[in-house]
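**Q** Just so it is clear, I am handing over coords31.cif, which has mmCIF, C-alpha atoms.
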data_model
#
loop_
_atom_site.group_PDB
_atom_site.id
_atom_site.type_symbol
_atom_site.label_atom_id
_atom_site.label_comp_id
_atom_site.auth_asym_id
_atom_site.auth_seq_id
_atom_site.Cartn_x
_atom_site.Cartn_y
_atom_site.Cartn_z
ATOM 1 C CA MET A 1 85.856 78.901 100.691
ATOM 2 C CA THR A 2 84.092 77.901 103.893
ATOM 3 C CA PHE A 3 80.317 77.430 103.685
ATOM 4 C CA ALA A 4 78.974 79.542 106.562
ATOM 5 C CA ALA A 5 75.881 78.456 108.490
ATOM 6 C CA GLN A 6 74.271 80.972 110.839
ATOM 7 C CA ILE A 7 71.359 79.583 112.838
ATOM 8 C CA LEU A 8 68.963 81.858 114.702
ATOM 9 C CA THR A 9 67.413 79.682 117.403
ATOM 10 C CA LEU A 10 66.154 79.524 120.967
ATOM 11 C CA TYR A 11 68.135 76.309 121.393
ATOM 12 C CA PRO A 12 71.688 76.903 120.152
ATOM 13 C CA GLU A 13 72.837 73.770 121.982
ATOM 14 C CA MET A 14 71.101 71.734 119.253
ATOM 15 C CA PHE A 15 73.854 72.725 116.788
ATOM 16 C CA PRO A 16 75.871 71.179 115.294
ATOM 17 C CA GLY A 17 74.153 68.194 116.943
ATOM 18 C CA PRO A 18 74.175 65.236 114.529
ATOM 19 C CA LEU A 19 76.069 67.363 112.024
ATOM 20 C CA GLY A 20 79.068 67.099 114.322
ATOM 21 C CA VAL A 21 79.631 63.447 113.392
ATOM 22 C CA SER A 22 80.210 61.383 110.241
ATOM 23 C CA LEU A 23 80.882 63.210 106.947
ATOM 24 C CA ALA A 24 79.454 66.544 108.097
ATOM 25 C CA GLY A 25 81.419 66.372 111.342
ATOM 26 C CA ARG A 26 84.681 65.708 109.548
ATOM 27 C CA ALA A 27 83.940 68.544 107.124
ATOM 28 C CA LEU A 28 83.305 70.856 110.089
ATOM 29 C CA VAL A 29 86.671 69.965 111.617
ATOM 30 C CA GLU A 30 88.366 70.462 108.252
ATOM 31 C CA GLY A 31 86.828 73.916 107.866
ATOM 32 C CA ILE A 32 84.733 73.071 104.813
ATOM 33 C CA TRP A 33 81.745 74.572 106.622
ATOM 34 C CA SER A 34 81.244 76.546 109.813
ATOM 35 C CA CYS A 35 78.434 76.419 112.374
ATOM 36 C CA ASP A 36 77.426 79.595 114.205
ATOM 37 C CA PRO A 37 74.271 79.320 116.356
ATOM 38 C CA ILE A 38 72.823 82.671 117.490
ATOM 39 C CA GLN A 39 70.543 82.841 120.533
ATOM 40 C CA ILE A 40 67.329 84.714 119.635
ATOM 41 C CA ARG A 41 66.653 85.480 123.287
ATOM 42 C CA ASP A 42 69.731 87.715 123.366
ATOM 43 C CA PHE A 43 67.726 90.266 121.376
ATOM 44 C CA ALA A 44 64.742 90.362 123.744
ATOM 45 C CA HIS A 45 64.234 93.321 126.098
ATOM 46 C CA GLY A 46 62.833 93.706 129.571
ATOM 47 C CA LYS A 47 63.327 91.871 132.823
ATOM 48 C CA HIS A 48 61.986 88.535 131.596
ATOM 49 C CA LYS A 49 63.590 88.537 128.122
ATOM 50 C CA SER A 50 60.293 87.457 126.585
ATOM 51 C CA VAL A 51 60.466 86.269 122.984
ATOM 52 C CA ASP A 52 56.792 85.342 122.524
ATOM 53 C CA ASP A 53 53.290 86.591 123.276
ATOM 54 C CA THR A 54 49.665 85.517 122.913
ATOM 55 C CA PRO A 55 48.129 85.432 119.414
ATOM 56 C CA ALA A 56 46.258 88.556 118.329
ATOM 57 C CA GLY A 57 42.576 87.663 118.068
ATOM 58 C CA GLY A 58 42.902 84.848 120.589
ATOM 59 C CA GLY A 59 43.750 81.198 120.243
ATOM 60 C CA ALA A 60 45.998 78.549 121.712
ATOM 61 C CA GLY A 61 49.749 78.738 122.057
ATOM 62 C CA MET A 62 52.191 81.594 121.725
ATOM 63 C CA VAL A 63 53.671 83.503 118.782
ATOM 64 C CA LEU A 64 57.263 84.678 118.323
ATOM 65 C CA ARG A 65 57.466 88.472 118.618
ATOM 66 C CA VAL A 66 58.304 90.412 115.481
ATOM 67 C CA ASP A 67 60.398 93.046 117.288
ATOM 68 C CA VAL A 68 62.702 90.430 118.801
ATOM 69 C CA LEU A 69 62.991 88.480 115.559
ATOM 70 C CA ALA A 70 63.695 91.620 113.539
ATOM 71 C CA GLU A 71 66.631 92.555 115.759
ATOM 72 C CA ALA A 72 67.998 89.021 115.570
ATOM 73 C CA VAL A 73 67.731 88.903 111.779
ATOM 74 C CA ASP A 74 69.227 92.394 111.527
ATOM 75 C CA TYR A 75 72.226 91.228 113.524
ATOM 76 C CA ALA A 76 72.727 88.135 111.372
ATOM 77 C CA VAL A 77 72.350 90.079 108.118
ATOM 78 C CA GLU A 78 74.796 92.748 109.296
ATOM 79 C CA ARG A 79 77.368 90.054 110.072
ATOM 80 C CA ARG A 80 76.880 88.196 106.796
ATOM 81 C CA PRO A 81 74.920 90.257 104.261
ATOM 82 C CA ASP A 82 75.951 87.828 101.522
ATOM 83 C CA LEU A 83 73.955 84.919 102.946
ATOM 84 C CA PRO A 84 70.338 84.171 102.009
ATOM 85 C CA VAL A 85 67.956 84.071 104.991
ATOM 86 C CA ILE A 86 65.506 81.171 105.176
ATOM 87 C CA ALA A 87 62.829 80.720 107.840
ATOM 88 C CA MET A 88 61.785 77.191 108.758
ATOM 89 C CA THR A 89 57.986 77.112 108.848
ATOM 90 C CA PRO A 90 55.240 74.687 107.723
ATOM 91 C CA ARG A 91 53.653 77.702 106.004
ATOM 92 C CA GLY A 92 56.638 77.910 103.675
ATOM 93 C CA LYS A 93 57.214 76.551 100.211
ATOM 94 C CA PRO A 94 58.450 72.924 100.235
ATOM 95 C CA ILE A 95 62.161 72.977 99.563
ATOM 96 C CA THR A 96 63.516 71.066 96.580
ATOM 97 C CA GLN A 97 66.822 69.434 95.791
ATOM 98 C CA GLY A 98 67.313 72.102 93.150
ATOM 99 C CA ARG A 99 67.035 74.857 95.772
ATOM 100 C CA ILE A 100 69.406 72.947 98.064
ATOM 101 C CA ARG A 101 71.963 72.835 95.259
ATOM 102 C CA GLU A 102 71.627 76.583 94.730
ATOM 103 C CA ILE A 103 72.250 77.264 98.429
ATOM 104 C CA ALA A 104 75.149 74.797 98.586
ATOM 105 C CA ALA A 105 76.796 76.544 95.633
ATOM 106 C CA GLY A 106 76.817 79.856 97.510
ATOM 107 C CA PRO A 107 78.731 81.232 100.499
ATOM 108 C CA GLY A 108 76.345 79.790 103.077
ATOM 109 C CA VAL A 109 72.937 80.387 104.630
ATOM 110 C CA THR A 110 71.253 82.012 107.627
ATOM 111 C CA ILE A 111 68.489 79.818 109.043
ATOM 112 C CA LEU A 112 65.724 81.222 111.258
ATOM 113 C CA CYS A 113 64.127 78.520 113.396
ATOM 114 C CA GLY A 114 60.492 78.895 114.384
ATOM 115 C CA ARG A 115 58.930 77.760 117.662
ATOM 116 C CA PHE A 116 55.527 77.748 119.362
ATOM 117 C CA GLU A 117 52.698 78.707 116.945
ATOM 118 C CA GLY A 118 55.168 80.321 114.571
ATOM 119 C CA PHE A 119 56.245 83.801 113.500
ATOM 120 C CA ASP A 120 54.460 87.134 113.639
ATOM 121 C CA GLU A 121 53.530 87.489 109.949
ATOM 122 C CA ARG A 122 54.783 91.078 109.808
ATOM 123 C CA LEU A 123 58.320 89.699 109.731
ATOM 124 C CA PHE A 124 57.698 88.578 106.141
ATOM 125 C CA GLU A 125 55.596 91.469 104.867
ATOM 126 C CA HIS A 126 57.119 93.902 102.385
ATOM 127 C CA SER A 127 60.274 91.782 102.195
ATOM 128 C CA PHE A 128 61.255 92.874 105.703
ATOM 129 C CA ALA A 129 62.454 96.384 104.889
ATOM 130 C CA GLY A 130 64.193 95.270 101.714
ATOM 131 C CA ARG A 131 65.770 92.126 103.165
ATOM 132 C CA PRO A 132 63.809 89.152 101.823
ATOM 133 C CA ILE A 133 63.285 86.129 104.037
ATOM 134 C CA GLU A 134 62.492 82.905 102.219
ATOM 135 C CA GLN A 135 59.882 80.795 104.003
ATOM 136 C CA VAL A 136 60.779 77.109 103.696
ATOM 137 C CA SER A 137 58.987 73.900 104.642
ATOM 138 C CA MET A 138 60.588 70.458 104.887
ATOM 139 C CA GLY A 139 57.313 68.721 104.024
ATOM 140 C CA ASP A 140 53.723 68.278 105.124
ATOM 141 C CA ILE A 141 54.565 67.499 108.744
ATOM 142 C CA ILE A 142 54.559 69.515 111.957
ATOM 143 C CA LEU A 143 57.717 69.548 114.099
ATOM 144 C CA SER A 144 58.214 70.956 117.589
ATOM 145 C CA GLY A 145 60.423 73.666 116.120
ATOM 146 C CA GLY A 146 62.454 74.707 113.124
ATOM 147 C CA GLU A 147 65.731 73.326 114.473
ATOM 148 C CA ILE A 148 65.176 69.793 113.155
ATOM 149 C CA GLY A 149 64.199 71.192 109.772
ATOM 150 C CA GLY A 150 67.259 73.420 109.855
ATOM 151 C CA LEU A 151 69.487 70.429 110.532
ATOM 152 C CA MET A 152 67.903 68.616 107.603
ATOM 153 C CA ALA A 153 68.473 71.553 105.263
ATOM 154 C CA LEU A 154 72.074 71.966 106.391
ATOM 155 C CA ASP A 155 72.811 68.274 106.028
ATOM 156 C CA ALA A 156 71.433 68.344 102.485
ATOM 157 C CA CYS A 157 73.716 71.298 101.656
ATOM 158 C CA ILE A 158 76.850 70.093 103.423
ATOM 159 C CA ARG A 159 76.985 66.736 101.664
ATOM 160 C CA LEU A 160 77.153 68.594 98.329
ATOM 161 C CA LEU A 161 80.142 70.740 99.279
ATOM 162 C CA PRO A 162 83.395 69.920 97.479
ATOM 163 C CA GLY A 163 85.470 67.457 99.473
ATOM 164 C CA VAL A 164 82.647 66.138 101.678
ATOM 165 C CA MET A 165 81.521 63.040 99.776
ATOM 166 C CA GLY A 166 84.172 60.531 98.792
ATOM 167 C CA ALA A 167 83.176 60.404 95.120
ATOM 168 C CA ALA A 168 82.175 63.482 93.181
ATOM 169 C CA SER A 169 79.402 61.494 91.460
ATOM 170 C CA SER A 170 77.907 60.121 94.703
ATOM 171 C CA GLY A 171 74.996 62.540 94.746
ATOM 172 C CA VAL A 172 74.191 62.652 91.050
ATOM 173 C CA GLU A 173 71.817 59.675 90.733
ATOM 174 C CA GLU A 174 70.083 59.919 94.089
ATOM 175 C CA SER A 175 66.380 60.514 94.644
ATOM 176 C CA PHE A 176 65.055 63.912 93.515
ATOM 177 C CA GLU A 177 68.218 64.879 91.624
ATOM 178 C CA ASN A 178 66.454 64.342 88.281
ATOM 179 C CA ASP A 179 62.846 64.512 89.504
ATOM 180 C CA LEU A 180 62.923 60.740 89.980
ATOM 181 C CA LEU A 181 63.228 58.458 92.968
ATOM 182 C CA GLU A 182 66.495 56.548 93.017
ATOM 183 C CA TYR A 183 66.534 53.052 91.559
ATOM 184 C CA PRO A 184 66.656 50.111 94.045
ATOM 185 C CA GLN A 185 70.043 49.134 95.429
ATOM 186 C CA TYR A 186 71.502 45.699 96.216
ATOM 187 C CA THR A 187 74.732 44.316 97.672
ATOM 188 C CA ARG A 188 76.167 41.010 98.908
ATOM 189 C CA PRO A 189 75.210 38.283 99.588
ATOM 190 C CA VAL A 190 73.969 37.476 96.092
ATOM 191 C CA GLU A 191 71.255 35.223 97.556
ATOM 192 C CA TRP A 192 69.444 35.982 100.823
ATOM 193 C CA GLU A 193 66.446 34.014 102.131
ATOM 194 C CA GLY A 194 65.776 32.757 98.631
ATOM 195 C CA ARG A 195 65.893 36.218 97.061
ATOM 196 C CA MET A 196 68.495 36.924 94.396
ATOM 197 C CA ILE A 197 70.109 40.132 93.240
ATOM 198 C CA PRO A 198 68.538 40.850 89.815
ATOM 199 C CA GLU A 199 70.468 39.062 87.098
ATOM 200 C CA VAL A 200 71.050 42.203 85.043
ATOM 201 C CA LEU A 201 73.076 43.736 87.900
ATOM 202 C CA ARG A 202 75.360 40.698 87.819
ATOM 203 C CA SER A 203 75.750 40.723 84.047
ATOM 204 C CA GLY A 204 78.596 43.234 83.784
ATOM 205 C CA ASP A 205 76.766 44.864 80.856
ATOM 206 C CA HIS A 206 76.871 48.545 81.821
ATOM 207 C CA ALA A 207 74.434 49.654 79.122
ATOM 208 C CA LYS A 208 71.828 47.115 80.240
ATOM 209 C CA ILE A 209 72.395 48.043 83.885
ATOM 210 C CA ALA A 210 71.902 51.755 83.143
ATOM 211 C CA ALA A 211 68.697 51.014 81.196
ATOM 212 C CA TRP A 212 67.372 48.793 84.022
ATOM 213 C CA ARG A 213 68.114 51.429 86.634
ATOM 214 C CA LYS A 214 66.394 54.166 84.640
ATOM 215 C CA GLN A 215 63.326 51.988 84.091
ATOM 216 C CA LYS A 216 63.119 51.070 87.772
ATOM 217 C CA ALA A 217 63.492 54.716 88.800
ATOM 218 C CA GLU A 218 60.669 55.706 86.471
ATOM 219 C CA ASP A 219 58.420 52.821 87.567
ATOM 220 C CA ASP A 220 58.914 53.488 91.283
ATOM 221 C CA THR A 221 58.393 57.227 90.874
ATOM 222 C CA ARG A 222 55.182 56.709 88.903
ATOM 223 C CA LEU A 223 53.785 54.319 91.530
ATOM 224 C CA ARG A 224 55.034 55.953 94.746
ATOM 225 C CA ARG A 225 55.192 59.658 93.893
ATOM 226 C CA PRO A 226 52.696 60.594 91.166
ATOM 227 C CA ASP A 227 53.321 64.283 91.921
ATOM 228 C CA LEU A 228 57.034 63.856 91.201
ATOM 229 C CA TRP A 229 56.277 61.730 88.133
ATOM 230 C CA GLU A 230 54.081 64.471 86.707
ATOM 231 C CA ARG A 231 56.876 67.012 87.179
ATOM 232 C CA TYR A 232 59.343 64.640 85.514
ATOM 233 C CA ARG A 233 57.043 64.122 82.528
ATOM 234 C CA ASN A 234 56.408 67.847 82.152
ATOM 235 C CA ALA A 235 60.151 68.547 82.170
ATOM 236 C CA ARG A 236 60.655 66.052 79.331
ATOM 237 C CA ASP A 237 57.837 67.429 77.143
#
Turn the structure described in the file into structure tokens.
**A**
Amino acid sequence: MTFAAQILTLYPEMFPGPLGVSLAGRALVEGIWSCDPIQIRDFAHGKHKSVDDTPAGGGAGMVLRVDVLAEAVDYAVERRPDLPVIAMTPRGKPITQGRIREIAAGPGVTILCGRFEGFDERLFEHSFAGRPIEQVSMGDIILSGGEIGGLMALDACIRLLPGVMGAASSGVEESFENDLLEYPQYTRPVEWEGRMIPEVLRSGDHAKIAAWRKQKAEDDTRLRRPDLWERYRNARD
């Protein structure tokens, strides 16, 4: 089954972008996933095809019009009613690796990319006439638009699709998979500028290596990401 990606955007030329190379690019050629950018402006009316307007109540910037967005989302949902719709916005809930896995396990996703000062809030009220739109954030940063966040979300999904990564276990021990940061990695040369690969990793004792990696993952998570560490501890209690 092909994982279908529909992207509602004002800049369809940004897709597949970097997802057209490396593992994701090969998977696209092989039909493991499909990329279908949809131009939001195609659903605007009037001579100037305006997709935005000034904020109600005043303020800087422009806001994406709800009538245009609603028609665009309607079109995407009619084409693929089986796909969840996520809107890229800093007002959304930070996405997790668990949610990425849920999306990757399904038939695909429709991504709505924000621009300017964001979306008219009415798009999300009352579950948009019975069609829920999930508001998603890629972290506590502000981007020029939702396209970069959309690419990030798609990349995270695509790498989990069967046949994309060389080894089925490649993604299992990576950061966030078990609410922990990944343990530190090393490779050749054994010695570099006076620094050695830890002896335990050269021991050949797989039990000791696994214990070392778990301890390092826990230590680094506790020091670098106390929020993640707290979630990890709560899950174990």
**Q** Residue by residue, what does the PyMOL selection byres ((chain A and resi 46-55) around 9) grab here? Present the result as JSON, numbers by chain.
**A** {"A": [40, 41, 42, 43, 44, 45, 56, 57, 58, 59, 60, 61, 62, 63, 64, 65, 66, 67, 68, 69, 116, 117, 120]}
**Q** With a cut-off of 7 Å, could you pull out the residues of segment 137-202 of chain A touching segment 214-231 of chain A and give me the nearest pair of atoms for each, distance in Å to one decimal, using all atoms listed in the file, ordered by chain and ascending number, as a Markdown table?
**A**
| residue | atom | partner | partner_atom | distance |
| --- | --- | --- | --- | --- |
| A:Asp179 | CA | A:Leu228 | CA | 6.1 |
| A:Leu180 | CA | A:Thr221 | CA | 5.8 |
| A:Leu181 | CA | A:Thr221 | CA | 5.4 |
| A:Glu182 | CA | A:Ala217 | CA | 5.5 |
| A:Tyr183 | CA | A:Ala217 | CA | 4.4 |
**Q** So what does the PyMOL selection byres ((chain A and resi 146) around 6) actually pick up in this one, as a PyMOL selection string?
**A** chain A and resi 88+113-114+145+147-150
**Q** Restricted to C-alpha atoms, what would the selected residues look like written as a PDB file, in the coordinates of the input?
**A**
ATOM      1  CA  MET A  88      61.785  77.191 108.758  1.00  0.00           C
ATOM      2  CA  CYS A 113      64.127  78.520 113.396  1.00  0.00           C
ATOM      3  CA  GLY A 114      60.492  78.895 114.384  1.00  0.00           C
ATOM      4  CA  GLY A 145      60.423  73.666 116.120  1.00  0.00           C
ATOM      5  CA  GLU A 147      65.731  73.326 114.473  1.00  0.00           C
ATOM      6  CA  ILE A 148      65.176  69.793 113.155  1.00  0.00           C
ATOM      7  CA  GLY A 149      64.199  71.192 109.772  1.00  0.00           C
ATOM      8  CA  GLY A 150      67.259  73.420 109.855  1.00  0.00           C
TER       9      GLY A 150
END
**Q** Calculated over all atoms listed in the file, which of the candidates A:Ile7, A:Pro16, A:Ala27, A:Ile32 has the smallest distance to Pro84 of chain A?
**A**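 The closest residue to Pro84 of chain A is A:Ile7.
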**Q** Do you have the atom CA of Ser22 of chain A-atom CA of Arg101 of chain A distance handy?
**A**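 Rounded to one decimal, the two atoms are 20.6 Å apart.
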**Q** Counting all atoms listed in the file, what is within 9 Å of Tyr186 of chain A, bar same-chain residues fewer than 5 positions away, as a count of residues only?
**A** 3
**Q** Could you check which of A:Pro90, A:Thr187, A:Ile95, A:Asp155 is closest to Ile142 of chain A, using all atoms listed in the file?
**A** A:Pro90
**Q** Please identify all polymer residues within 12 Å of Ala153 of chain A, counting only C-alpha atoms, omitting same-chain residues fewer than 3 positions from it, and present them as a PyMOL selection string.
**A** chain A and resi 5+7+19+86-88+94-97+99-101+103-104+108-113+136-139+146-150+156-160
**Q** Could you write those residues out with C-alpha atoms, as a PDB file, in the coordinates of the input?
**A**
ATOM      1  CA  ALA A   5      75.881  78.456 108.490  1.00  0.00           C
ATOM      2  CA  ILE A   7      71.359  79.583 112.838  1.00  0.00           C
ATOM      3  CA  LEU A  19      76.069  67.363 112.024  1.00  0.00           C
ATOM      4  CA  ILE A  86      65.506  81.171 105.176  1.00  0.00           C
ATOM      5  CA  ALA A  87      62.829  80.720 107.840  1.00  0.00           C
ATOM      6  CA  MET A  88      61.785  77.191 108.758  1.00  0.00           C
ATOM      7  CA  PRO A  94      58.450  72.924 100.235  1.00  0.00           C
ATOM      8  CA  ILE A  95      62.161  72.977  99.563  1.00  0.00           C
ATOM      9  CA  THR A  96      63.516  71.066  96.580  1.00  0.00           C
ATOM     10  CA  GLN A  97      66.822  69.434  95.791  1.00  0.00           C
ATOM     11  CA  ARG A  99      67.035  74.857  95.772  1.00  0.00           C
ATOM     12  CA  ILE A 100      69.406  72.947  98.064  1.00  0.00           C
ATOM     13  CA  ARG A 101      71.963  72.835  95.259  1.00  0.00           C
ATOM     14  CA  ILE A 103      72.250  77.264  98.429  1.00  0.00           C
ATOM     15  CA  ALA A 104      75.149  74.797  98.586  1.00  0.00           C
ATOM     16  CA  GLY A 108      76.345  79.790 103.077  1.00  0.00           C
ATOM     17  CA  VAL A 109      72.937  80.387 104.630  1.00  0.00           C
ATOM     18  CA  THR A 110      71.253  82.012 107.627  1.00  0.00           C
ATOM     19  CA  ILE A 111      68.489  79.818 109.043  1.00  0.00           C
ATOM     20  CA  LEU A 112      65.724  81.222 111.258  1.00  0.00           C
ATOM     21  CA  CYS A 113      64.127  78.520 113.396  1.00  0.00           C
ATOM     22  CA  VAL A 136      60.779  77.109 103.696  1.00  0.00           C
ATOM     23  CA  SER A 137      58.987  73.900 104.642  1.00  0.00           C
ATOM     24  CA  MET A 138      60.588  70.458 104.887  1.00  0.00           C
ATOM     25  CA  GLY A 139      57.313  68.721 104.024  1.00  0.00           C
ATOM     26  CA  GLY A 146      62.454  74.707 113.124  1.00  0.00           C
ATOM     27  CA  GLU A 147      65.731  73.326 114.473  1.00  0.00           C
ATOM     28  CA  ILE A 148      65.176  69.793 113.155  1.00  0.00           C
ATOM     29  CA  GLY A 149      64.199  71.192 109.772  1.00  0.00           C
ATOM     30  CA  GLY A 150      67.259  73.420 109.855  1.00  0.00           C
ATOM     31  CA  ALA A 156      71.433  68.344 102.485  1.00  0.00           C
ATOM     32  CA  CYS A 157      73.716  71.298 101.656  1.00  0.00           C
ATOM     33  CA  ILE A 158      76.850  70.093 103.423  1.00  0.00           C
ATOM     34  CA  ARG A 159      76.985  66.736 101.664  1.00  0.00           C
ATOM     35  CA  LEU A 160      77.153  68.594  98.329  1.00  0.00           C
TER      36      LEU A 160
END
**Q** Interatomic distance between atom CA of Thr9 of chain A and atom CA of Val164 of chain A?
**A**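 According to the coordinates, atom CA of Thr9 of chain A and atom CA of Val164 of chain A are separated by 25.7 Å.
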**Q** To one decimal place in Å, what is the distance between atom CA of Arg79 of chain A and atom CA of Leu23 of chain A?
**A** 27.3 Å
